[in-house]
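In what follows, a structure is listed as structure tokens, so that the remarks can point back to it.
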Amino acid sequence: MAKTDRDSVQVGDATWYGPGFHGRKTASGERFDTGLVTAAHRSLPLPSLVKVTNLDNGRTLIVKINDRGPFVKSKIIDMSSRGAELLGFRGTGSARVKIQVLEEESRFNALQQQREQARKNQVASLGKDDLPDARYIAVPPAPRVPDRVPEIVGNVRDEGKPNPAGLFVAAAKATKPQQVASLSEALRRFGPISTAAAAGAIELRIGPFIDPKAASTALKQIADAGYSGARIVPE
């Protein structure tokens with residue numbers, strides 16, 4: 001039985017929905033894309049960011065909630081086809097999962113979308129040439145990232161066991177909490193985020209990767225997205 005939506009953690013069954021909904025508008029107004037990592041939830045705010053863990057195989061993924069569902073009451077979340085694939089249950093159709101609400105990141109994401117919508121409304125009402133200085137956007141714009149999520153999936157580590165050796169991609173550094181939040185929001189699309197102290201700054205890392213080839217692929221994707229200083233570091 002799933003916990004209530006008022007809790008920051010829920011446990012229950014996940015399913016996925018796919019081709020028949022591709023291109024349709026979601027409850028948040030976005031177009032549903034089976035190739036993006038999104039999901040439907042019955043009552044979480046739109047949009048929300050959650051961490052979904054497949055309890056059958058330990059895979060974990062950051063997912064954007066942008067639609068309402070599932071319609072089957074015994075299920076707690078409907079994943080996109082791509083999300084189900086990355087979590088390893090696309091073939092079986094369902095999985096037992098844990099959902100953890102990322103409250104701070106969700107608020108940040110929602111605020112960014114509200115600001116973007118406000119700017120679009122101004123453009124529509126005043127015209128591009130008459131648009132006032134949009135200094136109300138307090139958070140610096142994040143580097144551009146690809147629309148599709150690279151094939152990077154994290155695995156939950158068993159509590160009480162030593163951490164396995166692995167590689168991380170050190171993507172960027174920040175010195176202020178606002179910068180950390182902004183960079184985290186952008187980098188989450190590449191995989192699980194962790195932080196480490198680095199010479200008076202906070203270094204944001206993606207990983208871990210057990211396979212060096214996977215780490216190299218991720219490094220290229222991250223560097224191509226504008227993070228020219230990204231590098232691979234051991235755990």
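Following the order of the structure tokens, chains are lettered A, B, ..., residues in each are numbered from 1, and ligands are numbered from 1.
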I'd like a table as a Markdown table: residues in range 167-202 of chain A with an atom no more than 12 Å from range 98-104 of chain A, each row giving the shortest atom pair and its distance in Å to one decimal, only C-alpha atoms counted, sorted by chain and rising residue number.
| residue | atom | partner | partner_atom | distance |
| --- | --- | --- | --- | --- |
| A:Pro177 | CA | A:Glu104 | CA | 11.6 |
| A:Gln178 | CA | A:Glu104 | CA | 11.3 |
| A:Val180 | CA | A:Glu104 | CA | 11.7 |
| A:Ala181 | CA | A:Glu104 | CA | 8.5 |
| A:Ser182 | CA | A:Glu104 | CA | 11.2 |
| A:Ser184 | CA | A:Glu104 | CA | 10.8 |
| A:Glu185 | CA | A:Glu104 | CA | 10.1 |
| A:Arg188 | CA | A:Leu102 | CA | 11.6 |
Shell of 7 Å around range 6-21 of chain A, only C-alpha atoms, local chain residues under 3 positions omitted, as an MDAnalysis selection string: chainID A and resid 1:3 24 32 34 75:81 84 93:101
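Of the listed residues A:Leu183, A:Ala171, A:Ala198, A:Leu36, the one whose atoms come nearest to Asp224 in chain A is A:Ala171, with distances taken using only C-alpha atoms.
Distance check against Asn54 in chain A using only C-alpha atoms: of A:Gly83, A:Thr38, A:Asn66, A:Ser74, the minimum falls on A:Gly83.
Here the question is which of A:Ile202, A:Leu46, A:Val169, A:Val52 gets nearest to Ala215 in chain A using only C-alpha atoms, and that residue is A:Val169.
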- request: For Ala197 in chain A, list every protein, DNA or RNA residue within 12 Å, evaluated using only C-alpha atoms, and leave out those in the same chain fewer than 4 positions away; present the list as a PyMOL selection string.
  value: chain A and resi 170+172-175+201-205
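Coordinates place CA of Ala230 in chain A at a distance of 16.0 Å from CA of Ala199 in chain A.
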